[in-house]
file final.txt (compact mmCIF, C-alpha atoms)
# COMPACT_ATOMS: atom_id res chain seq x y z
CA MET U 98 0.00 0.00 0.00
CA ILE U 99 0.92 3.65 -0.20
CA THR U 100 1.62 5.11 3.22
CA ALA U 101 1.27 8.65 4.50
CA GLN U 102 1.35 10.77 7.63
CA ARG U 103 -0.88 13.64 8.52
CA LYS U 104 0.47 17.12 7.97
CA PRO U 105 0.98 19.35 11.01
CA PHE U 106 -2.41 20.54 12.23
CA ASP U 107 -1.54 24.24 11.93
CA GLU U 108 -0.78 23.78 8.23
CA ILE U 109 -4.14 22.08 7.65
CA TYR U 110 -5.97 24.68 9.71
CA ARG U 111 -4.38 27.54 7.75
CA SER U 112 -5.83 26.05 4.56
CA ALA U 113 -9.23 25.25 6.08
CA SER U 114 -9.70 28.61 7.78
CA ARG U 115 -9.62 30.45 4.46
CA HIS U 116 -13.10 29.04 3.92
CA ARG U 117 -16.40 28.79 5.75
CA LYS U 118 -17.65 25.46 4.39
CA ILE U 119 -15.26 22.60 3.92
CA LEU U 120 -15.48 18.92 3.14
CA VAL U 121 -13.04 16.54 4.79
CA LEU U 122 -12.76 13.70 2.30
CA GLY U 123 -11.22 10.40 3.39
CA CYS U 124 -9.91 7.48 1.37
CA GLY U 125 -11.05 3.96 2.20
CA SER U 126 -8.09 2.06 0.79
CA CYS U 127 -4.38 2.54 1.56
CA MET U 128 -4.95 5.60 3.75
CA THR U 129 -7.38 3.63 5.90
CA VAL U 130 -4.95 0.74 6.32
CA CYS U 131 -2.03 3.01 7.24
CA MET U 132 -4.38 4.92 9.59
CA ALA U 133 -3.65 8.29 8.04
CA GLY U 134 -6.83 9.22 6.16
CA GLY U 135 -9.63 6.71 6.68
CA GLU U 136 -13.04 7.22 8.26
CA THR U 137 -11.64 7.43 11.81
CA GLU U 138 -8.96 9.94 10.82
CA VAL U 139 -11.55 12.03 8.95
CA LEU U 140 -13.63 12.16 12.12
CA THR U 141 -10.61 12.98 14.30
CA LEU U 142 -9.45 15.80 12.02
CA SER U 143 -12.97 17.20 11.74
CA GLN U 144 -13.34 17.20 15.51
CA GLN U 145 -9.99 18.94 15.88
CA LEU U 146 -10.93 21.54 13.27
CA GLU U 147 -14.26 22.13 15.03
CA LEU U 148 -12.54 22.64 18.39
CA ALA U 149 -9.86 24.87 16.84
CA ALA U 150 -12.44 27.02 15.06
CA ARG U 151 -14.37 27.39 18.30
CA GLU U 152 -11.23 28.36 20.23
CA ARG U 153 -10.22 30.92 17.60
CA GLY U 154 -13.75 32.27 17.04
CA ASP U 155 -13.76 31.25 13.35
CA GLN U 156 -16.86 30.24 11.43
CA LEU U 157 -16.23 26.84 9.92
CA GLN U 158 -18.85 24.39 8.74
CA ILE U 159 -17.34 20.94 8.35
CA ARG U 160 -18.74 18.00 6.44
CA MET U 161 -17.24 14.54 6.29
CA ARG U 162 -17.20 11.75 3.76
CA THR U 163 -14.99 8.76 3.06
CA ILE U 164 -15.07 7.01 -0.28
CA THR U 165 -13.56 3.66 -1.25
CA ARG U 166 -10.71 5.22 -3.24
CA GLN U 167 -9.86 8.70 -4.44
CA CYS U 168 -7.69 7.36 -7.24
CA ASP U 169 -10.57 5.84 -9.21
CA ARG U 170 -13.20 7.87 -11.01
CA GLU U 171 -16.13 5.58 -10.27
CA PHE U 172 -15.92 6.07 -6.52
CA PHE U 173 -16.62 9.80 -6.77
CA ASP U 174 -20.36 9.20 -6.64
CA ASP U 175 -23.23 11.70 -6.87
CA GLU U 176 -23.38 12.24 -3.11
CA THR U 177 -19.66 13.04 -3.01
CA ALA U 178 -20.03 15.40 -5.99
CA ARG U 179 -22.91 17.17 -4.25
CA LEU U 180 -20.86 17.63 -1.07
CA VAL U 181 -17.87 18.91 -3.05
CA PHE U 182 -19.97 21.45 -4.94
CA GLU U 183 -21.70 22.60 -1.76
CA SER U 184 -18.33 23.19 -0.09
CA GLU U 185 -15.86 25.98 -0.70
CA ALA U 186 -12.91 23.64 -0.35
CA VAL U 187 -12.01 19.98 0.05
CA ILE U 188 -9.47 18.79 2.61
CA SER U 189 -8.41 15.53 1.02
CA MET U 190 -7.05 12.80 3.28
CA ALA U 191 -5.89 10.72 0.33
CA CYS U 192 -2.33 10.14 -0.83
CA GLY U 193 -0.84 12.51 -3.40
CA VAL U 194 -2.45 10.46 -6.15
CA GLY U 195 -5.91 10.79 -4.65
CA VAL U 196 -5.55 14.52 -4.00
CA GLN U 197 -4.56 15.13 -7.62
CA PHE U 198 -7.26 12.87 -8.96
CA CYS U 199 -9.90 14.55 -6.79
CA ALA U 200 -8.82 17.94 -8.16
CA GLU U 201 -8.93 16.52 -11.71
CA ARG U 202 -12.37 15.07 -11.15
CA PHE U 203 -13.79 18.32 -9.76
CA LEU U 204 -12.19 21.01 -11.91
CA GLY U 205 -12.61 24.35 -10.23
CA ALA U 206 -12.81 22.91 -6.73
CA THR U 207 -10.13 23.92 -4.25
CA VAL U 208 -8.50 20.75 -2.94
CA TYR U 209 -5.96 20.83 -0.13
CA PRO U 210 -3.82 17.86 0.91
CA ALA U 211 -4.06 16.88 4.59
CA LEU U 212 -1.33 14.25 4.36
CA ASN U 213 2.31 13.96 3.42
CA THR U 214 2.61 10.84 1.27
CA GLN U 215 5.55 8.66 2.30
CA PHE U 216 6.26 5.32 0.60
CA TYR U 217 5.04 1.92 -0.60
CA GLY U 218 5.08 -0.08 2.59
CA ALA U 219 3.75 -2.88 4.72
CA THR U 220 2.28 -3.01 8.22
CA VAL U 221 5.08 -4.84 10.03
CA GLN U 222 3.23 -4.66 13.35
CA PRO U 223 0.25 -2.64 14.59
CA GLY U 224 1.25 1.02 14.41
CA VAL U 225 4.48 0.40 12.49
CA TRP U 226 4.83 0.68 8.72
CA ALA U 227 8.02 0.06 6.78
CA GLU U 228 9.13 0.77 3.24
CA ARG U 229 9.31 -2.26 0.98
CA CYS U 230 9.15 -1.01 -2.62
CA VAL U 231 10.10 2.09 -4.60
CA GLY U 232 8.35 1.18 -7.85
CA CYS U 233 11.61 0.99 -9.80
CA GLY U 234 9.94 -0.65 -12.80
CA GLU U 235 12.22 -3.70 -12.94
CA CYS U 236 11.69 -6.15 -10.11
CA ILE U 237 14.64 -8.31 -9.06
CA LEU U 238 13.06 -9.98 -6.01
CA GLU U 239 13.32 -13.43 -7.58
CA SER U 240 17.10 -13.38 -7.09
CA THR U 241 17.27 -11.63 -3.71
CA GLY U 242 15.19 -13.98 -1.61
CA GLY U 243 12.16 -11.71 -1.77
CA ILE U 244 13.95 -8.80 -0.08
CA CYS U 245 14.36 -5.66 -2.15
CA PRO U 246 17.80 -4.02 -2.00
CA VAL U 247 16.54 -1.07 -4.04
CA ALA U 248 14.03 -0.11 -1.37
CA ARG U 249 15.73 -1.47 1.73
CA CYS U 250 19.43 -0.80 1.19
CA ALA U 251 20.21 2.84 2.01
CA LYS U 252 22.66 2.88 -0.90
CA THR U 253 20.46 0.90 -3.33
CA LEU U 254 23.32 -1.55 -3.86
CA LEU U 255 22.66 -4.46 -6.21
CA ASN U 256 25.69 -6.69 -5.59
CA GLY U 257 26.08 -7.34 -1.91
CA PRO U 258 26.60 -5.18 1.16
CA CYS U 259 28.84 -2.17 1.45
CA GLY U 260 31.75 -2.11 3.89
CA GLY U 261 29.64 -0.39 6.50
CA SER U 262 27.37 -3.32 7.27
CA GLN U 263 28.04 -4.24 10.92
CA ASP U 264 26.38 -6.90 13.06
CA GLY U 265 23.56 -7.08 10.55
CA LYS U 266 22.82 -3.37 10.83
CA CYS U 267 23.09 -0.54 8.31
CA GLU U 268 25.80 2.09 8.75
CA VAL U 269 23.45 4.84 7.57
CA ASN U 270 20.90 4.01 10.29
CA ASP U 271 21.92 1.52 12.94
CA GLN U 272 18.27 0.89 13.79
CA GLN U 273 17.74 -0.58 10.34
CA ASP U 274 18.67 -4.10 9.33
CA CYS U 275 21.23 -4.32 6.53
CA ALA U 276 19.17 -5.40 3.52
CA TRP U 277 22.04 -7.46 2.13
CA GLN U 278 22.51 -9.27 5.45
CA LEU U 279 18.79 -10.13 5.32
CA ILE U 280 19.15 -11.29 1.72
CA PHE U 281 22.17 -13.45 2.59
CA ASP U 282 20.39 -15.03 5.58
CA ARG U 283 17.22 -15.68 3.57
CA LEU U 284 19.05 -17.22 0.61
CA LYS U 285 21.16 -19.37 2.92
CA ALA U 286 18.12 -20.60 4.83
CA SER U 287 16.35 -21.52 1.62
CA GLU U 288 19.44 -23.17 0.13
CA ARG U 289 19.61 -20.68 -2.74
CA ILE U 290 22.90 -19.12 -1.72
CA ALA U 291 24.16 -19.47 -5.30
CA PHE U 292 22.05 -16.44 -6.14
CA PHE U 293 24.24 -14.40 -3.82
CA ALA U 294 27.29 -14.99 -5.98
CA LYS U 295 25.48 -13.94 -9.13
CA ILE U 296 26.74 -10.61 -10.48
CA ARG U 297 23.88 -8.32 -11.38
CA ALA U 298 24.31 -5.97 -14.30
CA PRO U 299 23.34 -2.34 -13.75
CA LYS U 300 19.58 -1.92 -13.63
CA ASP U 301 17.65 -0.18 -16.37
CA TRP U 302 16.76 2.96 -14.44
CA SER U 303 14.90 4.40 -17.41
CA ARG U 304 11.98 2.27 -16.23
CA SER U 305 11.93 4.09 -12.90
CA GLY U 306 10.64 7.62 -12.43
CA ASN U 307 13.80 9.24 -13.73
CA GLY U 308 12.41 9.64 -17.22
CA GLY U 309 9.40 11.66 -16.06
CA PRO U 310 5.87 10.46 -15.20
CA ARG U 311 5.16 6.93 -16.30
CA THR U 312 1.98 5.62 -17.92
CA ILE U 313 0.78 2.04 -18.30
CA VAL U 314 -1.47 1.29 -21.25
CA ARG U 315 -3.33 -2.00 -21.65
CA GLU U 316 -4.81 -1.94 -25.14
CA ASP U 317 -7.15 -4.84 -24.36
CA VAL U 318 -8.98 -2.84 -21.69
CA THR U 319 -8.90 0.69 -23.09
CA LEU U 320 -12.23 2.02 -24.36
CA GLN U 321 -10.93 3.51 -27.58
CA MET Q 56 -24.76 17.18 25.46
CA ASP Q 57 -27.36 18.32 27.96
CA ASP Q 58 -27.04 22.08 28.36
CA SER Q 59 -27.99 22.04 32.02
CA ARG Q 60 -24.89 22.72 34.08
CA ALA Q 61 -24.74 21.25 37.56
CA ASP Q 62 -24.62 24.20 39.92
CA ASP Q 63 -23.75 26.29 36.86
CA GLY Q 64 -20.34 24.67 37.11
CA VAL Q 65 -18.04 22.96 34.69
CA ARG Q 66 -19.16 19.86 32.80
CA ILE Q 67 -16.92 16.84 33.05
CA VAL Q 68 -17.34 13.56 31.20
CA ALA Q 69 -15.73 10.58 32.93
CA PHE Q 70 -15.20 7.37 30.98
CA CYS Q 71 -14.98 4.77 33.75
CA CYS Q 72 -14.13 1.13 33.31
CA HIS Q 73 -16.76 -1.28 34.60
CA PHE Q 74 -14.38 -3.38 36.67
CA CYS Q 75 -12.41 -0.76 38.61
CA ALA Q 76 -13.12 2.96 38.29
CA PHE Q 77 -16.89 2.60 37.94
CA THR Q 78 -16.96 0.26 40.91
CA ALA Q 79 -14.76 2.75 42.78
CA ALA Q 80 -17.33 5.46 42.04
CA ASP Q 81 -19.97 3.12 43.38
CA THR Q 82 -17.82 2.46 46.45
CA ALA Q 83 -17.49 6.22 46.96
CA GLY Q 84 -21.27 6.45 46.94
CA THR Q 85 -21.66 3.54 49.35
CA MET Q 86 -19.14 5.21 51.66
CA ARG Q 87 -21.18 8.43 51.35
CA LEU Q 88 -18.13 10.36 50.20
CA GLN Q 89 -18.86 13.77 48.74
CA TYR Q 90 -17.59 15.08 45.43
CA PRO Q 91 -19.08 17.74 43.13
CA THR Q 92 -21.93 16.72 40.86
CA ASN Q 93 -20.27 18.05 37.71
CA LEU Q 94 -19.19 14.57 36.69
CA ARG Q 95 -21.18 12.66 34.03
CA ILE Q 96 -20.01 9.06 34.20
CA VAL Q 97 -19.98 6.93 31.06
CA ARG Q 98 -19.45 3.27 31.95
CA VAL Q 99 -17.30 1.37 29.47
CA PRO Q 100 -16.39 -2.34 29.61
CA CYS Q 101 -12.70 -1.34 29.72
CA THR Q 102 -10.84 1.95 29.17
CA GLY Q 103 -9.32 0.13 26.19
CA ARG Q 104 -12.72 0.74 24.58
CA VAL Q 105 -12.22 4.51 24.75
CA ASP Q 106 -11.24 5.79 21.35
CA ILE Q 107 -9.66 9.19 20.71
CA THR Q 108 -12.74 10.21 18.72
CA MET Q 109 -14.91 9.55 21.81
CA ILE Q 110 -12.77 11.93 23.85
CA LEU Q 111 -12.81 14.63 21.18
CA HIS Q 112 -16.55 14.12 20.70
CA ALA Q 113 -17.12 14.94 24.36
CA PHE Q 114 -15.22 18.22 23.95
CA CYS Q 115 -17.03 19.03 20.69
CA GLU Q 116 -20.34 18.51 22.49
CA GLY Q 117 -19.42 21.00 25.17
CA ALA Q 118 -17.55 19.12 27.89
CA ASP Q 119 -15.11 21.34 29.78
CA GLY Q 120 -12.99 18.38 30.79
CA VAL Q 121 -12.73 14.65 30.25
CA ILE Q 122 -11.52 11.95 32.60
CA VAL Q 123 -10.56 8.46 31.53
CA ALA Q 124 -10.49 6.28 34.64
CA GLY Q 125 -9.33 2.70 34.51
CA CYS Q 126 -7.76 -0.02 36.58
CA GLU Q 127 -4.38 0.27 38.22
CA GLU Q 128 -1.46 -0.67 36.02
CA GLY Q 129 -1.10 -4.43 35.96
CA SER Q 130 -4.64 -5.18 37.09
CA CYS Q 131 -6.68 -4.60 33.93
CA HIS Q 132 -9.43 -7.18 33.53
CA PHE Q 133 -8.48 -7.34 29.86
CA THR Q 134 -4.73 -7.38 30.59
CA ARG Q 135 -3.59 -4.25 28.74
CA GLY Q 136 -6.70 -2.16 28.04
CA ASN Q 137 -5.78 0.52 30.59
CA LEU Q 138 -2.24 0.79 29.21
CA ARG Q 139 -3.61 1.23 25.69
CA ALA Q 140 -5.99 3.88 27.03
CA SER Q 141 -3.02 5.73 28.58
CA LYS Q 142 -1.33 5.87 25.20
CA ARG Q 143 -4.51 7.13 23.53
CA VAL Q 144 -5.01 9.77 26.22
CA LYS Q 145 -1.46 10.96 25.60
CA ARG Q 146 -2.18 11.23 21.87
CA ALA Q 147 -5.55 12.91 22.48
CA ARG Q 148 -3.86 15.51 24.68
CA GLU Q 149 -1.51 16.28 21.80
CA LEU Q 150 -4.47 16.65 19.40
CA LEU Q 151 -6.23 18.96 21.88
CA ARG Q 152 -3.09 21.09 22.25
CA GLU Q 153 -2.87 21.41 18.45
CA ALA Q 154 -6.49 22.57 18.37
CA GLY Q 155 -5.83 25.19 21.03
CA VAL Q 156 -7.57 23.36 23.89
CA ASP Q 157 -5.52 23.10 27.09
CA PRO Q 158 -4.48 19.43 27.37
CA GLN Q 159 -4.83 19.64 31.14
CA ARG Q 160 -8.55 19.36 30.49
CA LEU Q 161 -8.00 15.67 29.82
CA GLU Q 162 -6.62 13.29 32.43
CA MET Q 163 -6.20 9.57 32.93
CA TYR Q 164 -6.61 8.11 36.40
CA HIS Q 165 -5.90 4.60 37.62
CA VAL Q 166 -8.24 3.61 40.44
CA ALA Q 167 -8.83 0.19 41.95
CA ALA Q 168 -12.39 -0.97 42.69
CA ALA Q 169 -11.97 -0.56 46.45
CA GLN Q 170 -10.50 2.94 46.20
CA GLY Q 171 -13.69 4.95 46.64
CA PRO Q 172 -11.84 7.69 48.53
CA LEU Q 173 -9.24 7.98 45.74
CA PHE Q 174 -11.99 8.24 43.12
CA ALA Q 175 -13.73 11.02 45.05
CA ALA Q 176 -10.41 12.83 45.65
CA SER Q 177 -9.44 12.53 41.98
CA ALA Q 178 -12.82 13.86 40.90
CA ARG Q 179 -12.50 16.81 43.28
CA GLU Q 180 -8.93 17.52 42.15
CA PHE Q 181 -9.82 17.40 38.44
CA ILE Q 182 -12.96 19.49 38.77
CA LYS Q 183 -10.99 22.11 40.69
CA ARG Q 184 -8.31 22.06 37.99
CA VAL Q 185 -10.87 22.63 35.21
CA GLU Q 186 -12.61 25.35 37.22
CA ASP Q 187 -9.27 27.12 37.63
CA LEU Q 188 -8.59 26.81 33.90
CA GLN Q 189 -12.02 28.31 33.17
CA LEU Q 190 -11.16 31.26 35.40
CA VAL Q 191 -7.76 31.79 33.78
CA GLU Q 192 -9.05 31.41 30.23
CA GLY Q 193 -12.16 33.49 31.00
CA GLY Q 194 -9.88 36.19 32.38
CA LYS Q 195 -7.72 36.09 29.24
CA ALA Q 196 -10.80 36.33 27.01
CA GLN Q 197 -11.94 39.50 28.82
CA THR Q 198 -8.59 41.29 28.59
call {"tool": "encode", "arguments": {"input": "final.txt", "output": "structure tokens"}}
result
Amino acid sequence: MITAQRKPFDEIYRSASRHRKILVLGCGSCMTVCMAGGETEVLTLSQQLELAARERGDQLQIRMRTITRQCDREFFDDETARLVFESEAVISMACGVGVQFCAERFLGATVYPALNTQFYGATVQPGVWAERCVGCGECILESTGGICPVARCAKTLLNGPCGGSQDGKCEVNDQQDCAWQLIFDRLKASERIAFFAKIRAPKDWSRSGNGGPRTIVREDVTLQ
Amino acid sequence: MDDSRADDGVRIVAFCCHFCAFTAADTAGTMRLQYPTNLRIVRVPCTGRVDITMILHAFCEGADGVIVAGCEEGSCHFTRGNLRASKRVKRARELLREAGVDPQRLEMYHVAAAQGPLFAASAREFIKRVEDLQLVEGGKAQT
């Protein structure tokens, strides 16, 4: 999933307080799972905004809605459209994709982001999310024991650990496991250690985001 | 929330766990201990049930202060519910501070079922604290 964290409250309030009627719009997918912008977080933010407006003597009418996803057109239903058009601004609790798509869907609407989008990650334990993928466009997990050195090695090394790997920890952040130590241990445990000796050629980084925004087209499902 | 204010005083919502704090409140009553009537007790099966949105909802509806009262550490009927509640109270205080509400208006207490006197004393202490805050903030608003 995509993960995110809420922006500082003051930053959100500065955006919201420019208006009198706002819609706090949550996202029922990734942002719900990473507990940054789901139904509960929409309610929490709305309650905070209500209390803040009361304390500061501002007039602020707040409405709430959470849709299944803000990155898919079909989930912006009639009720959501009505609420958007009745509001002066939308505080979107989606990831950066959802915020942009919401603004695209409702041209002319003012859409503010309430979150800072972080990374593609997994819930490693309740309340803890960790980065697992950077969307590099050329997956090599089959040869690294299912552990991604692109996302999890601080130096994105492809051919074993750097000299700074100590006691299984990364020299950049000693709280982080060394990705290549994890890869070595995993390959050894699954008797695929031969993969470790394999020299990997430089990756084709043109498939990553370095060449500008990427688009995927599936001709068999396009409508034209 | 009901607009009627007990003795025109502050309005406090107290989320009390069934097994300890609520029973302590009951014990206080049985012992005929006095504490102000500003407290509105909401009985919950465990303070672990108390969500941050429930606390904020109480403030949005006009509460001047909120108490979350659970078992003593280590004696939660559900093992860790009171510890989880402590963490949520800490987070809720941060959210209140961000919104401009004094976080001292929210407090967590740990009270065993037999500690009626402690419950009454805690209630008195908290109500006094919120009354003082009202005076200070009311004074600021007038200047």
call {"tool": "residues_around", "arguments": {"input": "final.txt", "residues": "range 183-199 of chain U", "least_positions_apart": "2", "cutoff": "9 Å", "atoms": "only C-alpha atoms", "output": "MDAnalysis selection string"}}
result
chainID U and resid 99:101 103 109 112:113 115:128 133:135 138:139 158:160 163 166:170 173 178:181 201:204 206:215
call {"tool": "interface_residues", "arguments": {"input": "final.txt", "of": "chain U", "to": "chain Q", "cutoff": "6 Å", "atoms": "only C-alpha atoms", "output": "list in words"}}
result
Thr141, Gln145 and Ala149 of chain U
call {"tool": "atom_distance", "arguments": {"input": "final.txt", "atom1": "CA of Ala291 in chain U", "atom2": "CA of Glu228 in chain U"}}
result
26.6 Å
call {"tool": "atom_distance", "arguments": {"input": "final.txt", "atom1": "CA of Ser305 in chain U", "atom2": "CA of Gly234 in chain U"}}
result
5.1 Å
call {"tool": "axis_aligned_box", "arguments": {"input": "final.txt", "around": "range 102-106 of chain Q", "padding_each_side": "6 Å", "output": "AutoDock Vina command-line options"}}
result
--center_x -11.0 --center_y 3.0 --center_z 25.3 --size_x 15.4 --size_y 17.7 --size_z 19.8
call {"tool": "atom_distance", "arguments": {"input": "final.txt", "atom1": "CA of Gln102 in chain U", "atom2": "CA of Asp274 in chain U"}}
result
22.9 Å
call {"tool": "residues_around", "arguments": {"input": "final.txt", "residues": "range 128-139 of chain Q", "least_positions_apart": "5", "cutoff": "9 Å", "atoms": "all atoms listed in the file", "output": "list in words"}}
result
Cys72, Phe74, Cys75, Cys101, Thr102, Gly103, Arg104, Val144, His165 and Ala167 of chain Q
call {"tool": "residues_around", "arguments": {"input": "final.txt", "residues": "range 283-290 of chain U", "least_positions_apart": "4", "cutoff": "10 Å", "atoms": "all atoms listed in the file", "output": "short mmCIF file (atom, residue, chain, number, x, y, z; two decimals) with C-alpha atoms, in the coordinates of the input"}}
result
data_model
loop_
_atom_site.label_atom_id
_atom_site.label_comp_id
_atom_site.auth_asym_id
_atom_site.auth_seq_id
_atom_site.Cartn_x
_atom_site.Cartn_y
_atom_site.Cartn_z
CA SER U 240 17.10 -13.38 -7.09
CA THR U 241 17.27 -11.63 -3.71
CA GLY U 242 15.19 -13.98 -1.61
CA GLY U 243 12.16 -11.71 -1.77
CA ILE U 244 13.95 -8.80 -0.08
CA TRP U 277 22.04 -7.46 2.13
CA GLN U 278 22.51 -9.27 5.45
CA LEU U 279 18.79 -10.13 5.32
CA ALA U 294 27.29 -14.99 -5.98
CA LYS U 295 25.48 -13.94 -9.13
#
call {"tool": "closest_residue", "arguments": {"input": "final.txt", "among": "U:Arg229, U:Met132, U:Ser114, U:Leu142", "to": "Gly154 in chain U", "atoms": "only C-alpha atoms"}}
result
U:Ser114
call {"tool": "closest_residue", "arguments": {"input": "final.txt", "among": "Q:Ala83, Q:Ala76, Q:Leu190, Q:Ala118", "to": "Arg98 in chain Q", "atoms": "all atoms listed in the file"}}
result
Q:Ala76
call {"tool": "residues_near_point", "arguments": {"input": "final.txt", "point": "(-11.8, 5.8, 43.7)", "cutoff": "12 Å", "atoms": "all atoms listed in the file", "output": "ChimeraX atom specification"}}
result
/Q:71-72,74-86,88-90,124-127,164-179
